[in-house]
Amino acid sequence: MNHRFNDAQWAQNYAETVNERRPERLEVFAHVADHLAELANNAPTVVELAPGPGMLAEVLLSAQPQLTYIGIDYSAPFIQIARDKLAPFDQRITLHQADLVKDDWPSLLSSPVHAVVSNMAIHDLGSGAAVAATYEKAIHLLERGGLIINADLVTMPDDDQPPADGKLKVPRHLEILMDLGFADVRCTLDLGHYACIIARKA
Ligand SMILES: C[S@@+](CC[C@H](N)C(=O)[O-])C[C@H]1O[C@@H](n2cnc3c(N)ncnc32)[C@H](O)[C@@H]1O
């Protein structure tokens, strides 16, 4: 485990400061909520991978009163912060503690899943292979017509260093999703270092 995520003080400080340090996150949260509103089902089940303190979750649950939310993160401190933040929605949320790389997290979920979302987190799984494995699990989980929405930190087009972690270029995300058979694969928001990638299960 990346130890900072398991440090209660680090997690609390992240929760208190990250939106101030990166105010563009709020635009991205609204963008993800807008795309979820396009789902055919108006009472969707949405799975968030690595929700941390639950900030995107709070926006999605507020935006859609019939949305059911499941978050999966391996950090006990972050899960506790998310549980507290999401207490007003406790009838509609489930939080699981699991490692998205090492554990069989899809077995925690029952169908149907209408969307799999994530924010600023999939790159933390550590490698391009882990990103691809996560997208592959998502396509198996999703209902037909369901969406994967991954807003993540990415490397810039002119960066020719080999990736040190799971931060990939936008075209590489799109290529992995197309190779897996996703439809409507696209980048819907590109803020340079931070981009939103969306695809639909055909
Ligand atoms: C930078 S934080 C982002 C949190 C949240 N998505 C946000 O945008 O505020 C990265 C999150 O990924 C989680 N994470 C990293 N690696 C993980 C893994 N292998 N399995 C589950 N969660 C993981 C961390 O615990 C942390 O909550």
# chains A, B, ... in the order shown; residues from 1 in each chain; ligands from 1

call {"tool": "select_by_dssp", "arguments": {"residues": "stretch 37-157 of chain A", "states": "helix (DSSP H, G or I)", "output": "CSV table (one decimal) with all heavy atoms, in the first residue's frame"}}
result
chain,number,residue,atom,x,y,z
A,55,MET,N,-15.7,13.0,-2.0
A,55,MET,CA,-16.2,14.3,-2.5
A,55,MET,C,-17.0,14.2,-3.8
A,55,MET,O,-18.0,14.9,-4.0
A,55,MET,CB,-15.0,15.2,-2.8
A,55,MET,CG,-14.3,15.5,-1.5
A,55,MET,SD,-12.7,16.2,-1.7
A,55,MET,CE,-12.4,16.8,-0.1
A,56,LEU,N,-16.5,13.3,-4.7
A,56,LEU,CA,-17.3,13.1,-6.0
A,56,LEU,C,-18.6,12.5,-5.6
A,56,LEU,O,-19.7,12.9,-6.1
A,56,LEU,CB,-16.5,12.3,-7.0
A,56,LEU,CG,-17.3,11.8,-8.2
A,56,LEU,CD1,-17.7,13.0,-9.0
A,56,LEU,CD2,-16.4,10.9,-9.1
A,57,ALA,N,-18.6,11.5,-4.7
A,57,ALA,CA,-19.8,10.8,-4.3
A,57,ALA,C,-20.9,11.8,-3.8
A,57,ALA,O,-22.1,11.7,-4.1
A,57,ALA,CB,-19.5,9.8,-3.2
A,58,GLU,N,-20.4,12.7,-3.0
A,58,GLU,CA,-21.4,13.7,-2.4
A,58,GLU,C,-22.1,14.5,-3.5
A,58,GLU,O,-23.3,14.7,-3.5
A,58,GLU,CB,-20.6,14.7,-1.5
A,58,GLU,CG,-21.5,15.6,-0.7
A,58,GLU,CD,-20.8,16.5,0.2
A,58,GLU,OE1,-19.6,17.0,-0.2
A,58,GLU,OE2,-21.3,16.9,1.3
A,59,VAL,N,-21.3,14.9,-4.6
A,59,VAL,CA,-21.9,15.6,-5.7
A,59,VAL,C,-22.9,14.7,-6.4
A,59,VAL,O,-24.0,15.1,-6.8
A,59,VAL,CB,-20.8,16.1,-6.6
A,59,VAL,CG1,-21.4,16.7,-7.9
A,59,VAL,CG2,-20.0,17.2,-5.9
A,60,LEU,N,-22.5,13.4,-6.7
A,60,LEU,CA,-23.4,12.5,-7.5
A,60,LEU,C,-24.7,12.2,-6.7
A,60,LEU,O,-25.8,12.2,-7.3
A,60,LEU,CB,-22.6,11.3,-7.8
A,60,LEU,CG,-21.3,11.4,-8.6
A,60,LEU,CD1,-20.7,10.1,-9.0
A,60,LEU,CD2,-21.5,12.3,-9.9
A,61,LEU,N,-24.5,11.9,-5.4
A,61,LEU,CA,-25.7,11.6,-4.6
A,61,LEU,C,-26.7,12.8,-4.5
A,61,LEU,O,-27.9,12.6,-4.5
A,61,LEU,CB,-25.3,11.1,-3.3
A,61,LEU,CG,-24.7,9.7,-3.3
A,61,LEU,CD1,-23.7,9.5,-2.1
A,61,LEU,CD2,-25.8,8.6,-3.2
A,62,SER,N,-26.1,14.0,-4.4
A,62,SER,CA,-27.0,15.2,-4.3
A,62,SER,C,-27.7,15.4,-5.7
A,62,SER,O,-28.8,15.9,-5.7
A,62,SER,CB,-26.1,16.4,-4.0
A,62,SER,OG,-25.4,16.2,-2.8
A,63,ALA,N,-27.0,15.1,-6.8
A,63,ALA,CA,-27.5,15.5,-8.1
A,63,ALA,C,-28.7,14.5,-8.5
A,63,ALA,O,-29.6,14.9,-9.2
A,63,ALA,CB,-26.4,15.4,-9.1
A,76,ALA,N,-8.5,2.6,5.2
A,76,ALA,CA,-9.4,2.7,6.3
A,76,ALA,C,-9.7,4.2,6.7
A,76,ALA,O,-10.8,4.6,6.9
A,76,ALA,CB,-9.0,1.9,7.5
A,77,PRO,N,-8.6,5.0,6.8
A,77,PRO,CA,-8.9,6.4,7.2
A,77,PRO,C,-9.8,7.1,6.2
A,77,PRO,O,-10.7,7.8,6.6
A,77,PRO,CB,-7.5,7.1,7.3
A,77,PRO,CG,-6.6,6.0,7.4
A,77,PRO,CD,-7.2,4.7,6.8
A,78,PHE,N,-9.6,6.9,4.9
A,78,PHE,CA,-10.4,7.6,3.9
A,78,PHE,C,-11.8,7.0,3.9
A,78,PHE,O,-12.8,7.8,3.8
A,78,PHE,CB,-9.8,7.4,2.5
A,78,PHE,CG,-8.9,8.5,2.0
A,78,PHE,CD1,-7.7,8.2,1.4
A,78,PHE,CD2,-9.2,9.8,2.3
A,78,PHE,CE1,-6.9,9.2,1.0
A,78,PHE,CE2,-8.4,10.9,1.9
A,78,PHE,CZ,-7.2,10.6,1.2
A,79,ILE,N,-12.0,5.7,4.2
A,79,ILE,CA,-13.3,5.2,4.2
A,79,ILE,C,-14.1,5.8,5.4
A,79,ILE,O,-15.3,6.1,5.3
A,79,ILE,CB,-13.3,3.6,4.3
A,79,ILE,CG1,-12.9,3.1,2.9
A,79,ILE,CG2,-14.7,3.1,4.8
A,79,ILE,CD1,-12.8,1.6,2.8
A,80,GLN,N,-13.4,6.0,6.5
A,80,GLN,CA,-14.1,6.6,7.7
A,80,GLN,C,-14.5,8.1,7.4
A,80,GLN,O,-15.6,8.5,7.7
A,80,GLN,CB,-13.2,6.6,8.9
A,80,GLN,CG,-13.9,7.0,10.2
A,80,GLN,CD,-15.2,6.2,10.4
A,80,GLN,OE1,-15.2,5.0,10.4
A,80,GLN,NE2,-16.3,6.9,10.6
A,81,ILE,N,-13.6,8.8,6.7
A,81,ILE,CA,-13.9,10.2,6.3
A,81,ILE,C,-15.1,10.2,5.4
A,81,ILE,O,-16.1,11.0,5.5
A,81,ILE,CB,-12.7,10.9,5.7
A,81,ILE,CG1,-11.6,11.0,6.7
A,81,ILE,CG2,-13.1,12.3,5.2
A,81,ILE,CD1,-10.2,11.5,6.2
A,82,ALA,N,-15.1,9.3,4.4
A,82,ALA,CA,-16.2,9.2,3.4
A,82,ALA,C,-17.5,8.9,4.1
A,82,ALA,O,-18.6,9.4,3.8
A,82,ALA,CB,-15.9,8.2,2.3
A,83,ARG,N,-17.4,7.9,5.1
A,83,ARG,CA,-18.6,7.5,5.8
A,83,ARG,C,-19.3,8.7,6.5
A,83,ARG,O,-20.5,8.9,6.5
A,83,ARG,CB,-18.3,6.3,6.7
A,83,ARG,CG,-19.5,5.5,7.1
A,83,ARG,CD,-19.1,4.3,8.0
A,83,ARG,NE,-18.3,3.3,7.3
A,83,ARG,CZ,-18.7,2.5,6.3
A,83,ARG,NH1,-19.9,2.6,5.9
A,83,ARG,NH2,-17.9,1.5,5.8
A,84,ASP,N,-18.4,9.5,7.2
A,84,ASP,CA,-18.9,10.6,7.9
A,84,ASP,C,-19.6,11.7,6.9
A,84,ASP,O,-20.6,12.2,7.1
A,84,ASP,CB,-17.8,11.3,8.7
A,84,ASP,CG,-17.3,10.4,9.8
A,84,ASP,OD1,-18.0,9.4,10.2
A,84,ASP,OD2,-16.2,10.6,10.4
A,85,LYS,N,-18.8,11.9,5.8
A,85,LYS,CA,-19.3,12.9,4.9
A,85,LYS,C,-20.6,12.5,4.2
A,85,LYS,O,-21.5,13.3,4.0
A,85,LYS,CB,-18.2,13.1,3.8
A,85,LYS,CG,-18.7,14.1,2.7
A,85,LYS,CD,-17.6,14.3,1.6
A,85,LYS,CE,-16.5,15.2,2.0
A,85,LYS,NZ,-17.0,16.6,2.3
A,87,ALA,N,-22.9,10.5,5.4
A,87,ALA,CA,-24.0,10.1,6.4
A,87,ALA,C,-25.4,10.5,6.0
A,87,ALA,O,-26.3,9.8,6.1
A,87,ALA,CB,-23.6,10.6,7.8
A,88,PRO,N,-25.5,11.8,5.4
A,88,PRO,CA,-26.9,12.1,5.0
A,88,PRO,C,-27.5,11.2,3.9
A,88,PRO,O,-28.7,11.3,3.7
A,88,PRO,CB,-26.7,13.6,4.5
A,88,PRO,CG,-25.4,14.1,5.0
A,88,PRO,CD,-24.6,12.8,5.2
A,89,PHE,N,-26.7,10.4,3.3
A,89,PHE,CA,-27.1,9.6,2.2
A,89,PHE,C,-27.1,8.1,2.6
A,89,PHE,O,-27.0,7.2,1.8
A,89,PHE,CB,-26.3,9.8,0.9
A,89,PHE,CG,-26.2,11.2,0.5
A,89,PHE,CD1,-25.0,11.9,0.8
A,89,PHE,CD2,-27.2,11.8,-0.2
A,89,PHE,CE1,-24.9,13.3,0.4
A,89,PHE,CE2,-27.0,13.2,-0.6
A,89,PHE,CZ,-25.9,13.9,-0.3
A,105,TRP,N,-12.3,-7.5,-6.2
A,105,TRP,CA,-13.4,-6.5,-5.8
A,105,TRP,C,-14.7,-6.7,-6.6
A,105,TRP,O,-15.7,-6.4,-6.1
A,105,TRP,CB,-12.8,-5.1,-5.8
A,105,TRP,CG,-12.3,-4.6,-7.1
A,105,TRP,CD1,-10.9,-4.7,-7.4
A,105,TRP,CD2,-12.9,-4.0,-8.2
A,105,TRP,NE1,-10.8,-4.2,-8.7
A,105,TRP,CE2,-12.0,-3.8,-9.2
A,105,TRP,CE3,-14.3,-3.7,-8.5
A,105,TRP,CZ2,-12.3,-3.2,-10.4
A,105,TRP,CZ3,-14.6,-3.1,-9.7
A,105,TRP,CH2,-13.6,-2.9,-10.6
A,106,PRO,N,-14.6,-7.1,-7.9
A,106,PRO,CA,-15.9,-7.3,-8.6
A,106,PRO,C,-16.8,-8.3,-7.8
A,106,PRO,O,-18.1,-8.1,-7.9
A,106,PRO,CB,-15.5,-7.8,-10.0
A,106,PRO,CG,-14.1,-7.2,-10.2
A,106,PRO,CD,-13.5,-7.4,-8.8
A,107,SER,N,-16.2,-9.2,-7.1
A,107,SER,CA,-17.1,-10.2,-6.4
A,107,SER,C,-17.9,-9.6,-5.2
A,107,SER,O,-18.8,-10.2,-4.7
A,107,SER,CB,-16.3,-11.4,-5.9
A,107,SER,OG,-15.5,-11.0,-4.9
A,108,LEU,N,-17.5,-8.3,-4.9
A,108,LEU,CA,-18.3,-7.6,-3.8
A,108,LEU,C,-19.6,-7.1,-4.3
A,108,LEU,O,-20.4,-6.6,-3.6
A,108,LEU,CB,-17.4,-6.5,-3.2
A,108,LEU,CG,-16.1,-6.9,-2.6
A,108,LEU,CD1,-15.3,-5.6,-2.3
A,108,LEU,CD2,-16.4,-7.6,-1.3
A,122,ILE,N,-7.2,6.4,-10.5
A,122,ILE,CA,-6.8,5.1,-11.1
A,122,ILE,C,-5.2,5.1,-11.4
A,122,ILE,O,-4.6,4.1,-11.3
A,122,ILE,CB,-7.6,4.9,-12.4
A,122,ILE,CG1,-9.1,4.8,-12.2
A,122,ILE,CG2,-7.1,3.7,-13.2
A,122,ILE,CD1,-9.5,3.6,-11.5
A,123,HIS,N,-4.7,6.3,-11.6
A,123,HIS,CA,-3.2,6.3,-11.8
A,123,HIS,C,-2.5,5.8,-10.6
A,123,HIS,O,-1.4,5.3,-10.7
A,123,HIS,CB,-2.7,7.7,-12.2
A,123,HIS,CG,-2.8,8.7,-11.1
A,123,HIS,ND1,-4.0,9.3,-10.7
A,123,HIS,CD2,-1.8,9.1,-10.2
A,123,HIS,CE1,-3.7,10.1,-9.6
A,123,HIS,NE2,-2.4,9.9,-9.3
A,124,ASP,N,-3.1,6.0,-9.4
A,124,ASP,CA,-2.5,5.5,-8.2
A,124,ASP,C,-2.4,4.0,-8.1
A,124,ASP,O,-1.7,3.5,-7.2
A,124,ASP,CB,-3.2,6.1,-7.0
A,124,ASP,CG,-2.8,7.5,-6.6
A,124,ASP,OD1,-1.5,7.8,-6.7
A,124,ASP,OD2,-3.6,8.3,-6.3
A,125,LEU,N,-3.1,3.3,-9.0
A,125,LEU,CA,-2.9,1.8,-9.0
A,125,LEU,C,-1.6,1.4,-9.5
A,125,LEU,O,-1.2,0.2,-9.4
A,125,LEU,CB,-4.1,1.2,-9.8
A,125,LEU,CG,-5.5,1.6,-9.4
A,125,LEU,CD1,-6.5,0.8,-10.1
A,125,LEU,CD2,-5.7,1.4,-7.9
A,128,GLY,N,0.4,1.2,-16.1
A,128,GLY,CA,-0.5,1.1,-17.2
A,128,GLY,C,-1.2,-0.3,-17.2
A,128,GLY,O,-2.4,-0.3,-17.6
A,129,ALA,N,-0.5,-1.3,-16.8
A,129,ALA,CA,-1.2,-2.6,-16.8
A,129,ALA,C,-2.3,-2.6,-15.8
A,129,ALA,O,-3.4,-3.2,-16.0
A,129,ALA,CB,-0.2,-3.7,-16.4
A,130,ALA,N,-2.1,-2.0,-14.6
A,130,ALA,CA,-3.2,-1.9,-13.6
A,130,ALA,C,-4.4,-1.1,-14.1
A,130,ALA,O,-5.5,-1.5,-13.8
A,130,ALA,CB,-2.7,-1.4,-12.3
A,131,VAL,N,-4.1,0.0,-14.9
A,131,VAL,CA,-5.2,0.8,-15.4
A,131,VAL,C,-6.0,-0.1,-16.4
A,131,VAL,O,-7.3,-0.2,-16.3
A,131,VAL,CB,-4.7,2.0,-16.2
A,131,VAL,CG1,-5.8,2.7,-16.9
A,131,VAL,CG2,-3.9,2.9,-15.3
A,132,ALA,N,-5.3,-0.8,-17.3
A,132,ALA,CA,-6.0,-1.7,-18.3
A,132,ALA,C,-6.8,-2.8,-17.6
A,132,ALA,O,-7.9,-3.1,-18.0
A,132,ALA,CB,-4.9,-2.3,-19.2
A,133,ALA,N,-6.2,-3.4,-16.5
A,133,ALA,CA,-6.9,-4.5,-15.8
A,133,ALA,C,-8.2,-4.0,-15.2
A,133,ALA,O,-9.2,-4.6,-15.1
A,133,ALA,CB,-6.0,-5.1,-14.8
A,134,THR,N,-8.1,-2.7,-14.7
A,134,THR,CA,-9.3,-2.1,-14.1
A,134,THR,C,-10.4,-1.8,-15.1
A,134,THR,O,-11.6,-2.1,-14.9
A,134,THR,CB,-8.9,-0.8,-13.4
A,134,THR,OG1,-7.8,-1.2,-12.5
A,134,THR,CG2,-10.0,-0.2,-12.6
A,135,TYR,N,-10.0,-1.3,-16.3
A,135,TYR,CA,-11.0,-1.1,-17.3
A,135,TYR,C,-11.6,-2.4,-17.7
A,135,TYR,O,-12.8,-2.5,-18.0
A,135,TYR,CB,-10.3,-0.4,-18.5
A,135,TYR,CG,-10.0,1.0,-18.4
A,135,TYR,CD1,-9.0,1.6,-19.2
A,135,TYR,CD2,-10.8,1.9,-17.6
A,135,TYR,CE1,-8.7,3.0,-19.1
A,135,TYR,CE2,-10.5,3.2,-17.6
A,135,TYR,CZ,-9.5,3.8,-18.3
A,135,TYR,OH,-9.2,5.1,-18.3
A,136,GLU,N,-10.8,-3.5,-17.8
A,136,GLU,CA,-11.3,-4.8,-18.2
A,136,GLU,C,-12.3,-5.3,-17.2
A,136,GLU,O,-13.4,-5.8,-17.5
A,136,GLU,CB,-10.2,-5.8,-18.4
A,136,GLU,CG,-10.7,-7.1,-18.9
A,136,GLU,CD,-9.5,-8.0,-19.4
A,136,GLU,OE1,-8.4,-7.7,-19.1
A,136,GLU,OE2,-9.9,-9.0,-20.0
A,137,LYS,N,-12.1,-5.1,-15.9
A,137,LYS,CA,-13.0,-5.5,-14.9
A,137,LYS,C,-14.3,-4.7,-15.0
A,137,LYS,O,-15.4,-5.3,-14.9
A,137,LYS,CB,-12.4,-5.4,-13.5
A,137,LYS,CG,-11.4,-6.4,-13.2
A,137,LYS,CD,-10.7,-6.2,-11.9
A,137,LYS,CE,-9.6,-7.3,-11.7
A,137,LYS,NZ,-8.5,-6.9,-10.8
A,138,ALA,N,-14.2,-3.5,-15.3
A,138,ALA,CA,-15.4,-2.6,-15.5
A,138,ALA,C,-16.2,-3.1,-16.6
A,138,ALA,O,-17.5,-3.1,-16.5
A,138,ALA,CB,-14.9,-1.1,-15.7
A,139,ILE,N,-15.7,-3.5,-17.7
A,139,ILE,CA,-16.5,-3.8,-18.9
A,139,ILE,C,-17.3,-5.1,-18.5
A,139,ILE,O,-18.5,-5.3,-19.0
A,139,ILE,CB,-15.8,-4.0,-20.2
A,139,ILE,CG1,-16.8,-3.9,-21.4
A,139,ILE,CG2,-14.9,-5.2,-20.3
A,139,ILE,CD1,-16.2,-3.7,-22.8
A,140,HIS,N,-16.7,-6.0,-17.7
A,140,HIS,CA,-17.5,-7.2,-17.3
A,140,HIS,C,-18.6,-6.9,-16.4
A,140,HIS,O,-19.6,-7.5,-16.4
A,140,HIS,CB,-16.5,-8.2,-16.7
A,140,HIS,CG,-15.6,-8.8,-17.8
A,140,HIS,ND1,-16.0,-9.4,-18.9
A,140,HIS,CD2,-14.2,-8.8,-17.8
A,140,HIS,CE1,-15.0,-9.7,-19.7
A,140,HIS,NE2,-13.9,-9.4,-19.0
A,141,LEU,N,-18.4,-5.9,-15.5
A,141,LEU,CA,-19.4,-5.5,-14.5
A,141,LEU,C,-20.6,-4.8,-15.1
A,141,LEU,O,-21.7,-4.9,-14.6
A,141,LEU,CB,-18.7,-4.6,-13.5
A,141,LEU,CG,-18.0,-5.1,-12.4
A,141,LEU,CD1,-17.3,-4.0,-11.6
A,141,LEU,CD2,-18.9,-5.9,-11.4

call {"tool": "residues_near_ligand", "arguments": {"ligand": "ligand 1", "cutoff": "6 Å", "atoms": "only C-alpha atoms and all ligand atoms", "output": "PyMOL selection string"}}
result
chain A and resi 5+50-53+55+73-75+78+98-101+119-121+124-125

call {"tool": "write_last_selection", "arguments": {"atoms": "N, CA, C and O atoms", "output": "PDB file, in the first residue's frame"}}
result
ATOM      1  N   PHE A   5      -1.781   6.968   2.111  1.00  0.00           N
ATOM      2  CA  PHE A   5      -3.232   6.775   2.087  1.00  0.00           C
ATOM      3  C   PHE A   5      -3.745   6.093   3.351  1.00  0.00           C
ATOM      4  O   PHE A   5      -4.932   6.119   3.641  1.00  0.00           O
ATOM      5  N   ALA A  50     -11.894   3.895  -5.706  1.00  0.00           N
ATOM      6  CA  ALA A  50     -10.979   4.749  -4.933  1.00  0.00           C
ATOM      7  C   ALA A  50     -11.559   6.143  -4.641  1.00  0.00           C
ATOM      8  O   ALA A  50     -10.998   7.164  -5.033  1.00  0.00           O
ATOM      9  N   PRO A  51     -12.696   6.197  -3.950  1.00  0.00           N
ATOM     10  CA  PRO A  51     -13.349   7.482  -3.686  1.00  0.00           C
ATOM     11  C   PRO A  51     -12.640   8.366  -2.674  1.00  0.00           C
ATOM     12  O   PRO A  51     -12.995   9.543  -2.531  1.00  0.00           O
ATOM     13  N   GLY A  52     -11.666   7.826  -1.931  1.00  0.00           N
ATOM     14  CA  GLY A  52     -11.002   8.653  -0.920  1.00  0.00           C
ATOM     15  C   GLY A  52     -12.036   9.230   0.026  1.00  0.00           C
ATOM     16  O   GLY A  52     -12.888   8.499   0.560  1.00  0.00           O
ATOM     17  N   PRO A  53     -12.033  10.569   0.225  1.00  0.00           N
ATOM     18  CA  PRO A  53     -12.936  11.169   1.217  1.00  0.00           C
ATOM     19  C   PRO A  53     -14.377  11.336   0.752  1.00  0.00           C
ATOM     20  O   PRO A  53     -15.192  11.914   1.484  1.00  0.00           O
ATOM     21  N   MET A  55     -15.745  12.974  -2.005  1.00  0.00           N
ATOM     22  CA  MET A  55     -16.178  14.286  -2.520  1.00  0.00           C
ATOM     23  C   MET A  55     -16.984  14.178  -3.810  1.00  0.00           C
ATOM     24  O   MET A  55     -17.997  14.867  -3.970  1.00  0.00           O
ATOM     25  N   ASP A  73     -12.415   1.409  -1.699  1.00  0.00           N
ATOM     26  CA  ASP A  73     -11.105   2.023  -1.463  1.00  0.00           C
ATOM     27  C   ASP A  73     -10.364   1.135  -0.453  1.00  0.00           C
ATOM     28  O   ASP A  73     -10.997   0.485   0.379  1.00  0.00           O
ATOM     29  N   TYR A  74      -9.039   1.133  -0.513  1.00  0.00           N
ATOM     30  CA  TYR A  74      -8.322   0.279   0.442  1.00  0.00           C
ATOM     31  C   TYR A  74      -7.907   1.001   1.719  1.00  0.00           C
ATOM     32  O   TYR A  74      -7.378   0.379   2.639  1.00  0.00           O
ATOM     33  N   SER A  75      -8.170   2.298   1.791  1.00  0.00           N
ATOM     34  CA  SER A  75      -7.695   3.082   2.933  1.00  0.00           C
ATOM     35  C   SER A  75      -8.769   3.189   4.016  1.00  0.00           C
ATOM     36  O   SER A  75      -9.815   3.809   3.812  1.00  0.00           O
ATOM     37  N   PHE A  78      -9.561   6.910   4.882  1.00  0.00           N
ATOM     38  CA  PHE A  78     -10.405   7.567   3.886  1.00  0.00           C
ATOM     39  C   PHE A  78     -11.837   7.025   3.941  1.00  0.00           C
ATOM     40  O   PHE A  78     -12.793   7.788   3.801  1.00  0.00           O
ATOM     41  N   ALA A  98     -11.228  -2.542   0.039  1.00  0.00           N
ATOM     42  CA  ALA A  98     -10.581  -3.583  -0.767  1.00  0.00           C
ATOM     43  C   ALA A  98      -9.487  -2.943  -1.605  1.00  0.00           C
ATOM     44  O   ALA A  98      -9.543  -1.751  -1.919  1.00  0.00           O
ATOM     45  N   ASP A  99      -8.512  -3.767  -1.951  1.00  0.00           N
ATOM     46  CA  ASP A  99      -7.408  -3.317  -2.817  1.00  0.00           C
ATOM     47  C   ASP A  99      -7.820  -3.580  -4.269  1.00  0.00           C
ATOM     48  O   ASP A  99      -8.099  -4.726  -4.646  1.00  0.00           O
ATOM     49  N   LEU A 100      -7.840  -2.513  -5.048  1.00  0.00           N
ATOM     50  CA  LEU A 100      -8.329  -2.627  -6.432  1.00  0.00           C
ATOM     51  C   LEU A 100      -7.353  -3.369  -7.340  1.00  0.00           C
ATOM     52  O   LEU A 100      -7.715  -3.745  -8.456  1.00  0.00           O
ATOM     53  N   VAL A 101      -6.121  -3.562  -6.869  1.00  0.00           N
ATOM     54  CA  VAL A 101      -5.146  -4.309  -7.671  1.00  0.00           C
ATOM     55  C   VAL A 101      -5.104  -5.774  -7.217  1.00  0.00           C
ATOM     56  O   VAL A 101      -5.110  -6.692  -8.036  1.00  0.00           O
ATOM     57  N   ASN A 119     -12.151   9.349  -9.824  1.00  0.00           N
ATOM     58  CA  ASN A 119     -11.557  10.683  -9.947  1.00  0.00           C
ATOM     59  C   ASN A 119     -10.166  10.711  -9.332  1.00  0.00           C
ATOM     60  O   ASN A 119      -9.997  10.353  -8.162  1.00  0.00           O
ATOM     61  N   MET A 120      -9.211  11.164 -10.112  1.00  0.00           N
ATOM     62  CA  MET A 120      -7.826  11.378  -9.639  1.00  0.00           C
ATOM     63  C   MET A 120      -7.303  10.187  -8.854  1.00  0.00           C
ATOM     64  O   MET A 120      -6.670  10.359  -7.802  1.00  0.00           O
ATOM     65  N   ALA A 121      -7.561   8.973  -9.321  1.00  0.00           N
ATOM     66  CA  ALA A 121      -7.193   7.830  -8.488  1.00  0.00           C
ATOM     67  C   ALA A 121      -6.655   6.627  -9.251  1.00  0.00           C
ATOM     68  O   ALA A 121      -5.770   5.944  -8.729  1.00  0.00           O
ATOM     69  N   ASP A 124      -3.102   5.970  -9.423  1.00  0.00           N
ATOM     70  CA  ASP A 124      -2.456   5.514  -8.185  1.00  0.00           C
ATOM     71  C   ASP A 124      -2.393   3.990  -8.089  1.00  0.00           C
ATOM     72  O   ASP A 124      -1.737   3.464  -7.186  1.00  0.00           O
ATOM     73  N   LEU A 125      -3.055   3.295  -9.005  1.00  0.00           N
ATOM     74  CA  LEU A 125      -2.946   1.827  -8.982  1.00  0.00           C
ATOM     75  C   LEU A 125      -1.561   1.397  -9.459  1.00  0.00           C
ATOM     76  O   LEU A 125      -1.210   0.230  -9.363  1.00  0.00           O
TER      77      LEU A 125
END

call {"tool": "residues_around", "arguments": {"residues": "A:Arg172", "least_positions_apart": "2", "cutoff": "12 Å", "atoms": "only C-alpha atoms", "output": "ChimeraX atom specification"}}
result
/A:128-129,131-132,154-157,163,166-170,174-179,185-187,197

call {"tool": "select_by_dssp", "arguments": {"residues": "stretch 26-182 of chain A", "states": "strand (DSSP E or B)", "output": "JSON, numbers by chain"}}
result
{"A": [45, 46, 47, 48, 49, 68, 69, 70, 71, 72, 73, 93, 94, 95, 96, 97, 113, 114, 115, 116, 117, 118, 119, 142, 143, 144, 145, 146, 147, 148, 149, 150, 151, 152, 153]}

call {"tool": "closest_residue", "arguments": {"among": "A:Asp165, A:Asp152, A:Asp90, A:Asp34", "to": "A:Ser127", "atoms": "only C-alpha atoms"}}
result
A:Asp165

call {"tool": "residues_around", "arguments": {"residues": "A:Leu191", "least_positions_apart": "3", "cutoff": "10 Å", "atoms": "only C-alpha atoms", "output": "list in words"}}
result
Glu24, Val28, Leu153, Val154, Met156, Tyr194, Ala195 and Cys196 of chain A

call {"tool": "write_last_selection", "arguments": {"atoms": "N, CA, C and O atoms", "output": "PDB file, in the first residue's frame"}}
result
ATOM      1  N   GLU A  24     -10.183  23.070  -9.925  1.00  0.00           N
ATOM      2  CA  GLU A  24     -10.744  22.502 -11.159  1.00  0.00           C
ATOM      3  C   GLU A  24     -11.476  21.180 -10.896  1.00  0.00           C
ATOM      4  O   GLU A  24     -12.265  20.719 -11.717  1.00  0.00           O
ATOM      5  N   VAL A  28     -14.888  19.266 -12.685  1.00  0.00           N
ATOM      6  CA  VAL A  28     -14.877  17.871 -13.132  1.00  0.00           C
ATOM      7  C   VAL A  28     -16.001  17.083 -12.447  1.00  0.00           C
ATOM      8  O   VAL A  28     -16.690  16.281 -13.087  1.00  0.00           O
ATOM      9  N   LEU A 153      -5.540  12.023 -13.503  1.00  0.00           N
ATOM     10  CA  LEU A 153      -4.322  12.746 -13.865  1.00  0.00           C
ATOM     11  C   LEU A 153      -3.674  12.002 -15.019  1.00  0.00           C
ATOM     12  O   LEU A 153      -3.611  10.759 -15.013  1.00  0.00           O
ATOM     13  N   VAL A 154      -3.225  12.760 -16.016  1.00  0.00           N
ATOM     14  CA  VAL A 154      -2.650  12.153 -17.231  1.00  0.00           C
ATOM     15  C   VAL A 154      -1.312  12.829 -17.536  1.00  0.00           C
ATOM     16  O   VAL A 154      -1.013  13.903 -17.008  1.00  0.00           O
ATOM     17  N   MET A 156       1.187  14.745 -20.251  1.00  0.00           N
ATOM     18  CA  MET A 156       0.980  15.674 -21.351  1.00  0.00           C
ATOM     19  C   MET A 156       1.455  15.047 -22.669  1.00  0.00           C
ATOM     20  O   MET A 156       2.359  14.213 -22.670  1.00  0.00           O
ATOM     21  N   TYR A 194      -5.118  16.784 -16.429  1.00  0.00           N
ATOM     22  CA  TYR A 194      -6.284  16.153 -15.773  1.00  0.00           C
ATOM     23  C   TYR A 194      -7.354  16.041 -16.858  1.00  0.00           C
ATOM     24  O   TYR A 194      -7.698  17.057 -17.480  1.00  0.00           O
ATOM     25  N   ALA A 195      -7.825  14.820 -17.110  1.00  0.00           N
ATOM     26  CA  ALA A 195      -8.750  14.647 -18.233  1.00  0.00           C
ATOM     27  C   ALA A 195      -9.850  13.667 -17.852  1.00  0.00           C
ATOM     28  O   ALA A 195      -9.663  12.807 -16.988  1.00  0.00           O
ATOM     29  N   CYS A 196     -10.971  13.828 -18.518  1.00  0.00           N
ATOM     30  CA  CYS A 196     -12.093  12.919 -18.265  1.00  0.00           C
ATOM     31  C   CYS A 196     -12.296  12.022 -19.487  1.00  0.00           C
ATOM     32  O   CYS A 196     -12.548  12.507 -20.591  1.00  0.00           O
TER      33      CYS A 196
END

call {"tool": "atom_distance", "arguments": {"atom1": "atom CA of A:Asp159", "atom2": "atom CA of A:Ala183"}}
result
27.6 Å
